[in-house]
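Below you'll find the structure, written out as structure tokens, and then a few comments.
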Amino acid sequence: MLEALAAVLRLDDDARMRLFRPAGAAPRPRAPIADERLDPQLAALLGSWPGLPAIVLGRAHDVPGANRLGAALGFAPGTNLVEKVFEDPASRTLYADWTAAAANTVAGFRVLHGQAPDDPRVRQVLTAMPDRNPEFAEHWARHDARGKGAEHKRLVHPDVGALDLHLQSFDVRSAPGQQLVVYGCEPGSETADRLELLGIAAASRA
């Protein structure tokens with residue numbers, strides 16, 4: 001009955017939770033979307049940050065959107081973060097601590113799986129990865145679950161060298177299941193200078 005009422009009133013996720021909480025119930029997860037898209041306003045926001053790498057992560061660690069610097073780091077739209085970490089040889093040198101990056105990626109994917117275990121794209125990635133990659137299977141068997149938060153990330157880019165970045169992630173309210181991930185650095189640092197160089201190189205290639 002509550003689900004029917006929420007549908008009739010066209011309630012968003014926050015309003016649905018307020019409707020269900022007094023009854024001691026929880027709303028059913030929304031039906032999975034067939035094609036994950038990037039909100040045009042979010043795409044414009046990404047483009048307004050030319051000096052900071054920024055990407056959007058989707059419900060199965062797909063990347064539906066990135067600004068120019070985010071793509072230059074190796075996270076271009078169409079990338080899947082799980083597949084990149086475990087199956088792209090360049091990732092072994094991109095991440096200064098690949099083992100930690102692999103563990104965090106799988107732990108984050110387990111959170112996504114817990115939120116939407118029946119999502120077709122989540123199931124597709126989970127079905128394919130253990131068969132193709134024993135290292136993924138080993139991490140998955142540990143049952144670690146951690147969402148993205150404030151993190152320190154050290155990357156080694158083939159064009160500009162070491163990058164010491166701090167990562168912040170934010171839920172995208174217009175697209176439940178998506179996260180906006182922004183990479184920052186200390187102003188005036190070597191990393192800031194190297195990001196500027198990377199941005200110039202990416203712009204010239206474009």
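Ordering of the structure tokens sets the chain letters (A, B, ...), residue numbers begin anew at 1 in every chain, and ligands are numbered from 1 in the order given.
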
Quiz prompt | For Gln178 of chain A: contacts at 7 Å, only C-alpha atoms, fewer than 6 positions along chain excluded, given as a ChimeraX atom specification | solution = /A:56-59,171-172

Pull the closest atom pair for each residue of segment 86-121 of chain A that gets at most 12 Å from segment 128-149 of chain A, along with the distance in Å to one decimal, counting only C-alpha atoms, ordering rows by chain and then ascending residue number, as CSV.
```
residue,atom,partner,partner_atom,distance
A:Phe86,CA,A:Phe136,CA,7.0
A:Glu87,CA,A:Asn133,CA,7.7
A:Asp88,CA,A:Asn133,CA,11.4
A:Trp98,CA,A:Glu135,CA,11.7
A:Thr99,CA,A:Glu135,CA,9.9
A:Ala100,CA,A:His139,CA,10.7
A:Ala101,CA,A:His139,CA,11.2
A:Ala102,CA,A:Phe136,CA,7.9
A:Ala103,CA,A:His139,CA,6.3
A:Asn104,CA,A:Arg146,CA,7.1
A:Thr105,CA,A:Arg146,CA,8.8
A:Val106,CA,A:Trp140,CA,6.4
A:Ala107,CA,A:Ala145,CA,4.2
A:Gly108,CA,A:Gly147,CA,4.9
A:Phe109,CA,A:Ala145,CA,7.7
A:Arg110,CA,A:Ala145,CA,5.5
A:Val111,CA,A:Ala145,CA,5.5
A:Leu112,CA,A:Gly147,CA,8.3
A:His113,CA,A:Ala145,CA,9.7
A:Gly114,CA,A:Ala145,CA,9.0
A:Gln115,CA,A:Gly147,CA,11.2
A:Arg121,CA,A:Ala128,CA,10.8
```

Quiz item: Residues at most 10 Å from Tyr95 of chain A, counting only C-alpha atoms, excluding those fewer than 4 positions away in the same chain, as a PyMOL selection string?
Solution: chain A and resi 85+90-91+99-102+153-157+162-163

Quiz prompt | Nearest to Ala192 of chain A, chosen from A:Pro64, A:Gly51, A:Leu167, A:Ala116, with only C-alpha atoms counted in the distances | solution = A:Gly51

Counting only C-alpha atoms, which residues of segment 58-176 of chain A sit at most 10 Å from some atom of segment 44-49 of chain A, and what is each one's closest atom pair with its distance in Å to one decimal, listed by chain and rising residue number, as a tab-separated table?
```
residue	atom	partner	partner_atom	distance
A:Gly65	CA	A:Leu46	CA	8.2
A:Ala66	CA	A:Leu46	CA	6.7
A:Asn67	CA	A:Leu46	CA	5.2
A:Arg68	CA	A:Gly47	CA	7.5
A:Leu69	CA	A:Trp49	CA	8.9
A:Gly70	CA	A:Leu46	CA	9.3
```

Practice problem: Measure the distance from atom CA of Pro40 of chain A to atom CA of Ser174 of chain A in Å and round it to one decimal. | Solution: 10.6 Å

Self-check item: Ala206 of chain A surroundings by only C-alpha atoms, 12 Å radius, close-in-sequence under 3 positions cut, as a list in words
Solution: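 Skipping anything fewer than 3 positions along the chain leaves Arg68, Leu69, Ala71, Ala72, Gly199, Ile200, Ala201, Ala202 and Ala203 of chain A.
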
Self-check item: Atomic distance atom CA of Leu81 of chain A - atom CA of Leu180 of chain A, expressed in Å with one decimal
Solution: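 Those two atoms sit 13.8 Å apart.
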
Quiz item: What is the distance between atom CA of Arg123 of chain A and atom CA of Val82 of chain A, in Å to one decimal?
Solution: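 Computing the Euclidean distance for atom CA of Arg123 of chain A and atom CA of Val82 of chain A yields 12.9 Å.
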
Quiz item: Which is closest to Pro158 of chain A among A:Leu94, A:Ala175, A:Cys185, A:Val125, if we use only C-alpha atoms?
Solution: A:Leu94

Self-check item: Among the residues A:Phe170, A:Ala54, A:Ala60, A:Ala96, the one that comes closest to Pro117 of chain A [using only C-alpha atoms]
Solution: A:Ala60
